[in-house]
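J.: After the structure tokens below, expect a handful of questions from me.
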Amino acid sequence: MAPPRPTLDSCDADHRSSNAPVVWPVICVVVLLAVAGPQFIRTPLTNDTALFDLQAVMIRDGAVLYRDVLEPNLPGVIWIHTGVRTIFGESSEAMRIFDLAVFCAILAAGGCWLVGRGFSRATSGWFCVAGLAFYFSISEWCHCQRDTWMLLPAMVGLLLRGLRARRWMQSEEQPAGVRNVYASGVVEGVCWAAGVWIKPYVAIPAAAAWCVSHLFVRRKREFLADTAGLLTGGLLVGGVGVLWMIRTGCWPAFLESAREWNPRYFEAGREHWTKRRFITMCVRLWPWSFLHVFAVPTAIVTLLRYLRSRTENATFATRSLFAALLCVFYLGWVAQAFFLQHLFDYVHAPAILLSVLLLVAAIAGTKRRMLRVGGIGVFALLAAAASPIFSTARLGLWQECLAGPASPRLQNRLTHFSNPDREDMQRVAEFLRREGVADRDVCLFNSDFVSMYQMLNLRPPTKFIYLYESATFFPDRSAELERALDESGHRYVVTDLVSCGMPQAEAEAIGPNGPLAPPPAYPTDRDNSYPWSHPVVYRSGTYLVHRVDGSAGRLLAGPLRTK
């Protein structure tokens with residue numbers, strides 16, 4: 001009986017041929033880099049990237065992570081920022097070039113997976129074109145993020161898992177040496193553990209890939225040696241990380257954070273997972289977010305067919321192992337992104353890239369030429385229409401981006417978001433400089449301002465750098481936050497009316513008391529709460545600088561209610 005043909009388990013002869021035209025995808029990659037690269041590199045960094053930079057600098061200057069800086073995740077991303085800044089400098093361009101290099105390495109790993117599956121280098125090249133077009137089309141909120149960075153060691157681990165499992169299946173008569181299996185398992189375990197230190201959610205797709213590989217191989221010697229190798233590699237990397245945490249003194253504070261802060265942070269993610277926010281995110285990521293509609297059923301059907309046929313045809317099972325591993329890896333990644341994390345765009349960018357890889361393989365493997373050409377053509381038109389890459393406004397900035405450096409005005413024109421306004425931030429920073437502020441003098445209330453700490457060469461007054469978000473996510477910790485503010489002795493607090501919930505038009509309005517006064521719709525329900533109870537001494541756009549007189553007072557979080 002002929003084996004069933006899973007969606008990803010057929011390679012059209014045209015696409016397997018080494019004579020397939022590789023030059024066209026190479027040309028497209030070069031064009032994308034030339035057209036969109038300068039704008040990408042000059043686009044401003046987001047608040048998360050600025051936060052990790054600030055944490056790295058503070059740790060370098062003697063601060064203790066988790067104790068002096070609240071952080072809900074493992075410190076892997078801080079290590080990366082420390083290395084990048086030490087080697088390449090402090091500019092935003094350096095971080096963005098590093099990010100682009102990491103993403104290109106991820107595309108290369110995906111291309112290697114396609115070649116390992118039997119597809120041509122041209123198919124691999126077209127995947128790189130699609131992946132690069134996707135990355136240049138999404139907002140800067142998705143760039144320089146740990147969710148994308150952890151995909152690189154995970155993809156390398158997946159490649160190693162596929163190559164190693166296929167070798168076991170092909171050596172049925174002559175089992176692989178236990179030492180070789182163990183040694184290669186150590187290398188793979190190091191890759192997975194590196195991803196875990198960046199963000200632990202990578203363990204879910206990793207465990208799924210491990211289960212599928214051994215479910216089909218079913219070789220006791222290989223299973224034991226592989227599991228021992230993976231654990232050894234993971235423990236080696238984990239041990240080095242724990243040793244760093246102990247030597248720097250942050251281990252007790254990390255345990256406290258994991259025990260007392262992280263559960264509530266996880267719950268807050270569920271509470272903010274709403275239908276409206278989900279639809280808004282899908283619209284921002286359109287049409288790439290729509291690919292899950294096709295990729296999820298494709299992965300499920302392929303995996304089920306493989307499960308059903310694995311005992312019927314050994315040759316078919318061996319050839320299809322790579323496809324099964326990618327499917328379960330993708331489904332595991334989608335599961336952790338949708339069901340365990342916050343509803344943030346950057347969380348879902350890696351899953352979308354995996355859907356691109358999966359669908360490229362499925363489309364390239366089909367013998368239905370019309371389906372292949374039609375599907376690619378329709379999606380390419382939708383993606384081009386939604387992408388900012390070839391928009392007139394963005395293309396008009398190409399020469400200015402190439403000349404550099406990026407001014408606040410240029411960054412405002414490049415950003416995908418109206419907030420923060422870099423020109424207003426610069427004015428606020430200039431005012432604070434004139435006031436002679438020093439370390440711990442200024443509290444930047446909203447997370448959008450975090451880059452101003454580095455701009456002013458200041459250290460935050462408390463460990464709660466994202467103060468507004470900390471107060472919102474942890475209302476039961478209000479007393480601790482208030483005590484930290486009182487003990488800090490800070491002199492100023494900077495707030496953003498829009499980020500705190502005031503509509504843009506009302507926040508920008510100028511009343512009869514002039515432009516330096518709060519707008520007419522300024523809230524009255526918080527006259528006795530921090531930071532609104534403190535007088536405004538400077539205003540630029542929707543940003544207010546309050547002078548803190550005496551005690552900080554009661555901290556009241558949540559959106560502002562205007563008059």
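Identifiers in the structure tokens: chain A, B, ... in order shown; residue index from 1 per chain; ligand index from 1 in order shown.
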Might you pull out every residue within 12 Å of Ala299 (chain A), with only C-alpha atoms counted and same-chain residues fewer than 5 positions away left off, and present them as number ranges by chain?
T.: A: 6-9, 291-294, 304-306, 323-332, 334, 354-359, 361-362
J.: Would you export the selected residues with N, CA and C atoms as a tab-separated table (two decimals), in the first residue's frame, please?
T.:
```
chain	number	residue	atom	x	y	z
A	6	PRO	N	1.68	13.46	3.19
A	6	PRO	CA	1.44	14.65	4.00
A	6	PRO	C	1.74	15.92	3.23
A	7	THR	N	1.20	17.01	3.71
A	7	THR	CA	1.31	18.28	3.03
A	7	THR	C	2.76	18.70	2.81
A	8	LEU	N	3.62	18.45	3.78
A	8	LEU	CA	5.01	18.89	3.67
A	8	LEU	C	5.95	17.78	3.22
A	9	ASP	N	5.41	16.67	2.83
A	9	ASP	CA	6.26	15.52	2.57
A	9	ASP	C	6.49	15.23	1.10
A	291	LEU	N	-1.49	34.14	8.22
A	291	LEU	CA	-0.87	32.89	7.77
A	291	LEU	C	-1.14	31.74	8.72
A	292	HIS	N	-1.38	32.04	10.01
A	292	HIS	CA	-1.69	30.97	10.95
A	292	HIS	C	-2.94	30.20	10.55
A	293	VAL	N	-3.87	30.87	9.88
A	293	VAL	CA	-5.10	30.22	9.45
A	293	VAL	C	-4.79	29.03	8.54
A	294	PHE	N	-3.72	29.13	7.76
A	294	PHE	CA	-3.33	28.05	6.88
A	294	PHE	C	-2.25	27.17	7.51
A	304	LEU	N	-0.43	14.46	11.86
A	304	LEU	CA	-1.32	13.30	12.00
A	304	LEU	C	-1.02	12.24	10.95
A	305	ARG	N	-0.77	12.67	9.73
A	305	ARG	CA	-0.44	11.70	8.68
A	305	ARG	C	0.87	11.00	8.98
A	306	TYR	N	1.79	11.74	9.52
A	306	TYR	CA	3.08	11.13	9.86
A	306	TYR	C	2.92	10.13	11.00
A	323	ALA	N	9.83	17.22	8.47
A	323	ALA	CA	8.54	17.90	8.39
A	323	ALA	C	7.76	17.78	9.70
A	324	ALA	N	7.77	16.57	10.28
A	324	ALA	CA	7.05	16.36	11.54
A	324	ALA	C	7.64	17.20	12.66
A	325	LEU	N	8.98	17.27	12.71
A	325	LEU	CA	9.62	18.06	13.76
A	325	LEU	C	9.28	19.54	13.63
A	326	LEU	N	9.32	20.07	12.40
A	326	LEU	CA	8.96	21.48	12.22
A	326	LEU	C	7.52	21.73	12.62
A	327	CYS	N	6.62	20.80	12.26
A	327	CYS	CA	5.20	20.99	12.58
A	327	CYS	C	4.97	21.06	14.08
A	328	VAL	N	5.55	20.12	14.82
A	328	VAL	CA	5.31	20.11	16.26
A	328	VAL	C	6.04	21.27	16.93
A	329	PHE	N	7.20	21.64	16.40
A	329	PHE	CA	7.93	22.81	16.91
A	329	PHE	C	7.11	24.08	16.71
A	330	TYR	N	6.54	24.24	15.53
A	330	TYR	CA	5.70	25.41	15.24
A	330	TYR	C	4.47	25.43	16.13
A	331	LEU	N	3.79	24.29	16.25
A	331	LEU	CA	2.58	24.25	17.08
A	331	LEU	C	2.91	24.54	18.55
A	332	GLY	N	4.04	24.02	19.02
A	332	GLY	CA	4.45	24.32	20.39
A	332	GLY	C	4.74	25.80	20.59
A	334	VAL	N	3.46	28.32	18.81
A	334	VAL	CA	2.17	29.03	18.77
A	334	VAL	C	1.45	28.88	20.11
A	354	LEU	N	7.87	31.27	11.67
A	354	LEU	CA	7.81	29.81	11.54
A	354	LEU	C	6.68	29.39	10.62
A	355	SER	N	5.56	30.13	10.65
A	355	SER	CA	4.46	29.81	9.73
A	355	SER	C	4.87	30.06	8.29
A	356	VAL	N	5.69	31.09	8.06
A	356	VAL	CA	6.22	31.36	6.72
A	356	VAL	C	7.08	30.19	6.26
A	357	LEU	N	7.96	29.71	7.14
A	357	LEU	CA	8.82	28.58	6.79
A	357	LEU	C	8.01	27.35	6.47
A	358	LEU	N	7.02	27.07	7.29
A	358	LEU	CA	6.19	25.88	7.10
A	358	LEU	C	5.41	25.96	5.79
A	359	LEU	N	4.84	27.12	5.49
A	359	LEU	CA	4.03	27.27	4.28
A	359	LEU	C	4.89	27.32	3.02
A	361	ALA	N	7.55	25.56	2.58
A	361	ALA	CA	7.79	24.15	2.31
A	361	ALA	C	6.56	23.48	1.72
A	362	ALA	N	5.37	23.80	2.26
A	362	ALA	CA	4.15	23.18	1.76
A	362	ALA	C	3.85	23.60	0.32
```
J.: Per DSSP on the backbone, filter region 90-304 of chain A down to the residues in alpha helix (DSSP H) and report them as a ChimeraX atom specification.
T.: /A:92-117,121-137,146-149,151-170,178-198,203-217,220-247,251-256,262-271,275-284,292-304
J.: Do you have the CA of Ser120 (chain A)-CA of Met169 (chain A) distance handy?
T.: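 Pair CA of Ser120 (chain A) / CA of Met169 (chain A) returns 23.2 Å.
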J.: Excluding Thr495 (chain A) and its own-chain neighbours fewer than 6 positions away, which residues fall within 6 Å of it when counting only C-alpha atoms? Please give them as an MDAnalysis selection string.
T.: chainID A and resid 445 543:544
J.: How would the residues just chosen look if you wrote them out with C-alpha atoms as a compact mmCIF listing (two decimals), in the first residue's frame?
T.:
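Written out: out12.txt:
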```txt
# COMPACT_ATOMS: atom_id res chain seq x y z
CA PHE A 445 6.50 57.53 35.25
CA TYR A 543 4.41 65.34 28.46
CA LEU A 544 4.33 66.98 31.87
```
J.: What residues in region 393-561 of chain A get the DSSP label strand (DSSP E or B)? Please answer as an MDAnalysis selection string.
T.: chainID A and resid 442:444 492:496 529:530 536:540 543:547 554:555
J.: Restricted to N, CA and C atoms, what would the selected residues look like written as a PDB file, in the first residue's frame?
T.:
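Below is the file out_7.pdb, written as the result:
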```pdb
ATOM      1  N   VAL A 442      15.058  62.053  39.151  1.00  0.00           N
ATOM      2  CA  VAL A 442      13.943  62.063  38.200  1.00  0.00           C
ATOM      3  C   VAL A 442      13.297  60.690  38.127  1.00  0.00           C
ATOM      4  N   CYS A 443      11.986  60.664  38.269  1.00  0.00           N
ATOM      5  CA  CYS A 443      11.209  59.439  38.052  1.00  0.00           C
ATOM      6  C   CYS A 443      10.473  59.582  36.722  1.00  0.00           C
ATOM      7  N   LEU A 444      10.751  58.683  35.808  1.00  0.00           N
ATOM      8  CA  LEU A 444      10.039  58.661  34.522  1.00  0.00           C
ATOM      9  C   LEU A 444       8.863  57.712  34.677  1.00  0.00           C
ATOM     10  N   TYR A 492      11.694  65.288  40.667  1.00  0.00           N
ATOM     11  CA  TYR A 492      10.785  65.480  39.530  1.00  0.00           C
ATOM     12  C   TYR A 492      10.203  64.136  39.097  1.00  0.00           C
ATOM     13  N   VAL A 493       9.022  64.216  38.516  1.00  0.00           N
ATOM     14  CA  VAL A 493       8.412  63.050  37.889  1.00  0.00           C
ATOM     15  C   VAL A 493       7.844  63.501  36.540  1.00  0.00           C
ATOM     16  N   VAL A 494       8.125  62.716  35.507  1.00  0.00           N
ATOM     17  CA  VAL A 494       7.675  63.038  34.145  1.00  0.00           C
ATOM     18  C   VAL A 494       6.550  62.080  33.772  1.00  0.00           C
ATOM     19  N   THR A 495       5.434  62.636  33.317  1.00  0.00           N
ATOM     20  CA  THR A 495       4.274  61.824  32.964  1.00  0.00           C
ATOM     21  C   THR A 495       3.862  62.096  31.519  1.00  0.00           C
ATOM     22  N   ASP A 496       3.198  61.117  30.934  1.00  0.00           N
ATOM     23  CA  ASP A 496       2.621  61.264  29.596  1.00  0.00           C
ATOM     24  C   ASP A 496       1.122  61.060  29.708  1.00  0.00           C
ATOM     25  N   SER A 529      -3.414  62.193  44.591  1.00  0.00           N
ATOM     26  CA  SER A 529      -2.655  60.979  44.322  1.00  0.00           C
ATOM     27  C   SER A 529      -1.413  61.297  43.493  1.00  0.00           C
ATOM     28  N   TYR A 530      -0.404  60.438  43.629  1.00  0.00           N
ATOM     29  CA  TYR A 530       0.848  60.582  42.889  1.00  0.00           C
ATOM     30  C   TYR A 530       0.648  60.072  41.466  1.00  0.00           C
ATOM     31  N   VAL A 536       2.750  70.981  38.131  1.00  0.00           N
ATOM     32  CA  VAL A 536       3.409  70.886  36.835  1.00  0.00           C
ATOM     33  C   VAL A 536       4.276  72.125  36.632  1.00  0.00           C
ATOM     34  N   VAL A 537       5.541  71.921  36.317  1.00  0.00           N
ATOM     35  CA  VAL A 537       6.458  73.050  36.127  1.00  0.00           C
ATOM     36  C   VAL A 537       6.952  73.157  34.683  1.00  0.00           C
ATOM     37  N   TYR A 538       6.637  72.149  33.878  1.00  0.00           N
ATOM     38  CA  TYR A 538       7.044  72.213  32.473  1.00  0.00           C
ATOM     39  C   TYR A 538       6.156  71.275  31.674  1.00  0.00           C
ATOM     40  N   ARG A 539       5.902  71.699  30.426  1.00  0.00           N
ATOM     41  CA  ARG A 539       5.078  70.876  29.552  1.00  0.00           C
ATOM     42  C   ARG A 539       5.613  70.961  28.125  1.00  0.00           C
ATOM     43  N   SER A 540       5.643  69.797  27.447  1.00  0.00           N
ATOM     44  CA  SER A 540       5.965  69.755  26.022  1.00  0.00           C
ATOM     45  C   SER A 540       5.035  68.738  25.380  1.00  0.00           C
ATOM     46  N   TYR A 543       3.513  65.719  27.371  1.00  0.00           N
ATOM     47  CA  TYR A 543       4.413  65.335  28.456  1.00  0.00           C
ATOM     48  C   TYR A 543       4.473  66.441  29.508  1.00  0.00           C
ATOM     49  N   LEU A 544       4.318  66.039  30.759  1.00  0.00           N
ATOM     50  CA  LEU A 544       4.328  66.985  31.869  1.00  0.00           C
ATOM     51  C   LEU A 544       5.480  66.655  32.821  1.00  0.00           C
ATOM     52  N   VAL A 545       6.123  67.705  33.320  1.00  0.00           N
ATOM     53  CA  VAL A 545       7.144  67.545  34.351  1.00  0.00           C
ATOM     54  C   VAL A 545       6.576  68.105  35.647  1.00  0.00           C
ATOM     55  N   HIS A 546       6.455  67.243  36.649  1.00  0.00           N
ATOM     56  CA  HIS A 546       5.939  67.647  37.959  1.00  0.00           C
ATOM     57  C   HIS A 546       7.117  67.817  38.923  1.00  0.00           C
ATOM     58  N   ARG A 547       7.053  68.844  39.752  1.00  0.00           N
ATOM     59  CA  ARG A 547       8.021  69.002  40.823  1.00  0.00           C
ATOM     60  C   ARG A 547       7.462  68.327  42.065  1.00  0.00           C
ATOM     61  N   ARG A 554      -0.063  59.081  47.887  1.00  0.00           N
ATOM     62  CA  ARG A 554      -0.712  57.823  47.502  1.00  0.00           C
ATOM     63  C   ARG A 554      -0.590  57.603  46.002  1.00  0.00           C
ATOM     64  N   LEU A 555      -0.195  56.385  45.620  1.00  0.00           N
ATOM     65  CA  LEU A 555      -0.036  56.027  44.211  1.00  0.00           C
ATOM     66  C   LEU A 555      -1.322  55.374  43.728  1.00  0.00           C
TER      67      LEU A 555
END
```
J.: Could you tell me how far CA of Glu469 (chain A) sits from CA of Tyr522 (chain A), in Å to one decimal place?
T.: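 Computing it gives 20.6 Å between the two atoms.
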J.: At a cut-off of 10 Å, using only C-alpha atoms, what residues contact Ala386 (chain A)? Leave out same-chain residues fewer than 3 positions from it and give the result as a PyMOL selection string.
T.: chain A and resi 137-138+283-288+380-383+389-391
J.: The selected residues should be written to file as a PDB file, in the first residue's frame (atoms: C-alpha atoms).
T.:
```pdb
ATOM      1  CA  SER A 137       7.256  45.385   7.379  1.00  0.00           C
ATOM      2  CA  ILE A 138       6.469  45.063  11.081  1.00  0.00           C
ATOM      3  CA  VAL A 283      -4.439  44.245  12.158  1.00  0.00           C
ATOM      4  CA  ARG A 284      -0.983  45.653  12.968  1.00  0.00           C
ATOM      5  CA  LEU A 285       0.604  42.405  11.778  1.00  0.00           C
ATOM      6  CA  TRP A 286      -1.650  42.048   8.731  1.00  0.00           C
ATOM      7  CA  PRO A 287      -1.489  40.092   6.438  1.00  0.00           C
ATOM      8  CA  TRP A 288       1.287  38.030   8.027  1.00  0.00           C
ATOM      9  CA  ALA A 380       2.478  38.999  -2.181  1.00  0.00           C
ATOM     10  CA  LEU A 381      -0.010  41.642  -3.354  1.00  0.00           C
ATOM     11  CA  LEU A 382      -1.608  41.852   0.112  1.00  0.00           C
ATOM     12  CA  ALA A 383       1.770  42.026   1.835  1.00  0.00           C
ATOM     13  CA  ILE A 389       8.773  49.254   2.776  1.00  0.00           C
ATOM     14  CA  PHE A 390       7.767  50.831  -0.523  1.00  0.00           C
ATOM     15  CA  SER A 391       5.624  53.671   0.816  1.00  0.00           C
TER      16      SER A 391
END
```
J.: Using only C-alpha atoms, find each residue in region 265-348 of chain A having at least one atom no more than 7 Å away from region 143-167 of chain A; report its shortest atom-to-atom pair and that distance in Å (one decimal), rows by chain then rising number, as CSV.
T.:
```
residue,atom,partner,partner_atom,distance
A:Thr318,CA,A:Arg166,CA,6.1
A:Leu321,CA,A:Arg166,CA,6.9
A:Phe322,CA,A:Gly162,CA,5.6
A:Leu325,CA,A:Gly162,CA,6.9
A:Tyr346,CA,A:Asp147,CA,6.8
A:Val347,CA,A:Asp147,CA,5.8
```
J.: Considering only C-alpha atoms, can you say which of A:Leu230, A:Ile204, A:Leu45, A:Ile27 comes closest to Ala183 (chain A)?
T.: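 Closest residue, counting only C-alpha atoms: A:Leu230.
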J.: For CA of Phe379 (chain A) and CA of Leu353 (chain A), quote the distance in Å rounded to one decimal.
T.: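 These two atoms are separated by 14.7 Å.
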J.: Identify, on the basis of only C-alpha atoms, every residue whose closest approach to Pro519 (chain A) does not exceed 12 Å; exclude the query and any residue fewer than 4 positions from it along the same chain; express the result as a VMD selection string.
T.: chain A and resid 497 to 498 502 to 515 523 to 524 536 539 to 544 562 to 563
J.: Write out as a list in words which residues come within 12 Å of Gly436 (chain A) when counting only C-alpha atoms, dropping same-chain ones fewer than 5 positions away.
T.: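 Residues near the query, excluding close chain neighbours: Ala429, Glu430, Phe431, Asp441, Val442, Leu456, Asn457, Leu458, Arg491 and Tyr492 of chain A.
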J.: Residues of the last selection are to be written out with C-alpha atoms, as an mmCIF file, in the first residue's frame.
T.:
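Final file, out_10.cif:
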```cif
data_model
loop_
_atom_site.group_PDB
_atom_site.id
_atom_site.type_symbol
_atom_site.label_atom_id
_atom_site.label_comp_id
_atom_site.auth_asym_id
_atom_site.auth_seq_id
_atom_site.Cartn_x
_atom_site.Cartn_y
_atom_site.Cartn_z
ATOM 1 C CA ALA A 429 15.432 66.379 28.728
ATOM 2 C CA GLU A 430 16.802 69.875 28.040
ATOM 3 C CA PHE A 431 14.573 71.338 30.756
ATOM 4 C CA ASP A 441 16.361 62.955 41.009
ATOM 5 C CA VAL A 442 13.943 62.063 38.200
ATOM 6 C CA LEU A 456 20.478 62.269 30.748
ATOM 7 C CA ASN A 457 23.024 59.790 32.152
ATOM 8 C CA LEU A 458 20.833 59.264 35.208
ATOM 9 C CA ARG A 491 12.690 65.877 42.808
ATOM 10 C CA TYR A 492 10.785 65.480 39.530
#
```
J.: Counting only C-alpha atoms, what is within 12 Å of Arg96 (chain A), bar same-chain residues fewer than 2 positions away, as an NGL selection string?
T.: :A and (37-46 or 49 or 81 or 84-85 or 88-94 or 98-103 or 136 or 140 or 142-145)
J.: Would you save the residues from that selection as a JSON list (two decimals), in the first residue's frame, using N, CA and C atoms?
T.:
```json
[["chain", "number", "residue", "atom", "x", "y", "z"],
["A", 37, "GLY", "N", 16.92, 48.71, 4.32],
["A", 37, "GLY", "CA", 17.93, 48.61, 5.36],
["A", 37, "GLY", "C", 18.27, 49.91, 6.05],
["A", 38, "PRO", "N", 18.55, 51.00, 5.32],
["A", 38, "PRO", "CA", 18.89, 52.26, 6.00],
["A", 38, "PRO", "C", 17.79, 52.76, 6.93],
["A", 39, "GLN", "N", 16.52, 52.67, 6.50],
["A", 39, "GLN", "CA", 15.42, 53.10, 7.36],
["A", 39, "GLN", "C", 15.31, 52.20, 8.59],
["A", 40, "PHE", "N", 15.50, 50.90, 8.38],
["A", 40, "PHE", "CA", 15.44, 49.97, 9.51],
["A", 40, "PHE", "C", 16.49, 50.31, 10.56],
["A", 41, "ILE", "N", 17.70, 50.58, 10.11],
["A", 41, "ILE", "CA", 18.81, 50.83, 11.04],
["A", 41, "ILE", "C", 18.62, 52.15, 11.79],
["A", 42, "ARG", "N", 18.00, 53.15, 11.14],
["A", 42, "ARG", "CA", 17.83, 54.45, 11.79],
["A", 42, "ARG", "C", 16.55, 54.55, 12.62],
["A", 43, "THR", "N", 15.66, 53.57, 12.50],
["A", 43, "THR", "CA", 14.43, 53.60, 13.29],
["A", 43, "THR", "C", 14.77, 53.55, 14.77],
["A", 44, "PRO", "N", 14.08, 54.31, 15.61],
["A", 44, "PRO", "CA", 14.44, 54.35, 17.04],
["A", 44, "PRO", "C", 14.18, 53.03, 17.74],
["A", 45, "LEU", "N", 14.92, 52.80, 18.81],
["A", 45, "LEU", "CA", 14.71, 51.63, 19.64],
["A", 45, "LEU", "C", 13.47, 51.82, 20.50],
["A", 46, "THR", "N", 12.85, 50.74, 20.87],
["A", 46, "THR", "CA", 11.66, 50.83, 21.71],
["A", 46, "THR", "C", 12.06, 50.84, 23.19],
["A", 49, "THR", "N", 13.96, 47.69, 24.65],
["A", 49, "THR", "CA", 15.39, 47.65, 24.34],
["A", 49, "THR", "C", 16.15, 48.66, 25.20],
["A", 81, "HIS", "N", 22.82, 42.17, 25.81],
["A", 81, "HIS", "CA", 22.99, 43.63, 25.71],
["A", 81, "HIS", "C", 24.36, 44.06, 26.22],
["A", 84, "VAL", "N", 26.85, 43.16, 23.45],
["A", 84, "VAL", "CA", 26.71, 44.01, 22.26],
["A", 84, "VAL", "C", 27.24, 45.41, 22.54],
["A", 85, "ARG", "N", 26.87, 45.97, 23.67],
["A", 85, "ARG", "CA", 27.30, 47.33, 23.98],
["A", 85, "ARG", "C", 28.80, 47.40, 24.25],
["A", 88, "PHE", "N", 30.27, 46.69, 20.42],
["A", 88, "PHE", "CA", 29.87, 47.54, 19.29],
["A", 88, "PHE", "C", 29.48, 48.97, 19.67],
["A", 89, "GLY", "N", 29.44, 49.29, 20.93],
["A", 89, "GLY", "CA", 29.14, 50.66, 21.33],
["A", 89, "GLY", "C", 27.69, 50.88, 21.74],
["A", 90, "GLU", "N", 27.38, 52.13, 22.08],
["A", 90, "GLU", "CA", 26.11, 52.47, 22.70],
["A", 90, "GLU", "C", 25.05, 52.99, 21.74],
["A", 91, "SER", "N", 25.33, 53.10, 20.47],
["A", 91, "SER", "CA", 24.38, 53.70, 19.53],
["A", 91, "SER", "C", 23.20, 52.77, 19.26],
["A", 92, "SER", "N", 22.07, 53.38, 18.90],
["A", 92, "SER", "CA", 20.90, 52.59, 18.52],
["A", 92, "SER", "C", 21.18, 51.82, 17.24],
["A", 93, "GLU", "N", 21.98, 52.41, 16.35],
["A", 93, "GLU", "CA", 22.31, 51.73, 15.09],
["A", 93, "GLU", "C", 23.07, 50.43, 15.34],
["A", 94, "ALA", "N", 23.97, 50.42, 16.31],
["A", 94, "ALA", "CA", 24.73, 49.21, 16.62],
["A", 94, "ALA", "C", 23.80, 48.08, 17.05],
["A", 98, "PHE", "N", 23.03, 44.57, 14.96],
["A", 98, "PHE", "CA", 23.14, 43.27, 15.62],
["A", 98, "PHE", "C", 21.83, 42.49, 15.48],
["A", 99, "ASP", "N", 20.72, 43.17, 15.70],
["A", 99, "ASP", "CA", 19.42, 42.51, 15.59],
["A", 99, "ASP", "C", 19.20, 41.97, 14.18],
["A", 100, "LEU", "N", 19.54, 42.76, 13.18],
["A", 100, "LEU", "CA", 19.39, 42.31, 11.79],
["A", 100, "LEU", "C", 20.29, 41.11, 11.51],
["A", 101, "ALA", "N", 21.49, 41.11, 12.06],
["A", 101, "ALA", "CA", 22.39, 39.98, 11.88],
["A", 101, "ALA", "C", 21.82, 38.71, 12.50],
["A", 102, "VAL", "N", 21.24, 38.84, 13.70],
["A", 102, "VAL", "CA", 20.62, 37.69, 14.36],
["A", 102, "VAL", "C", 19.46, 37.17, 13.50],
["A", 103, "PHE", "N", 18.65, 38.09, 12.99],
["A", 103, "PHE", "CA", 17.50, 37.66, 12.19],
["A", 103, "PHE", "C", 17.96, 36.97, 10.91],
["A", 136, "PHE", "N", 10.99, 43.57, 7.84],
["A", 136, "PHE", "CA", 11.06, 44.99, 7.50],
["A", 136, "PHE", "C", 9.67, 45.65, 7.50],
["A", 140, "GLU", "N", 8.79, 48.61, 14.93],
["A", 140, "GLU", "CA", 10.00, 48.50, 15.74],
["A", 140, "GLU", "C", 9.74, 47.84, 17.09],
["A", 142, "CYS", "N", 8.66, 44.98, 17.44],
["A", 142, "CYS", "CA", 9.04, 43.58, 17.26],
["A", 142, "CYS", "C", 10.54, 43.39, 17.05],
["A", 143, "HIS", "N", 11.28, 44.48, 16.93],
["A", 143, "HIS", "CA", 12.72, 44.38, 16.66],
["A", 143, "HIS", "C", 13.51, 44.42, 17.96],
["A", 144, "CYS", "N", 14.69, 43.84, 17.94],
["A", 144, "CYS", "CA", 15.58, 43.85, 19.12],
["A", 144, "CYS", "C", 14.88, 43.29, 20.35],
["A", 145, "GLN", "N", 14.11, 42.23, 20.15],
["A", 145, "GLN", "CA", 13.36, 41.62, 21.25],
["A", 145, "GLN", "C", 13.85, 40.21, 21.51]]
```
J.: For each of A:Asn412, A:Ser124, A:Thr248, A:Asn528, take the minimum atom-to-atom distance to Ala63 (chain A), counting only C-alpha atoms, then give the residue where this is smallest.
T.: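 Of A:Asn412, A:Ser124, A:Thr248, A:Asn528, the one nearest Ala63 (chain A) is A:Thr248, counting only C-alpha atoms.
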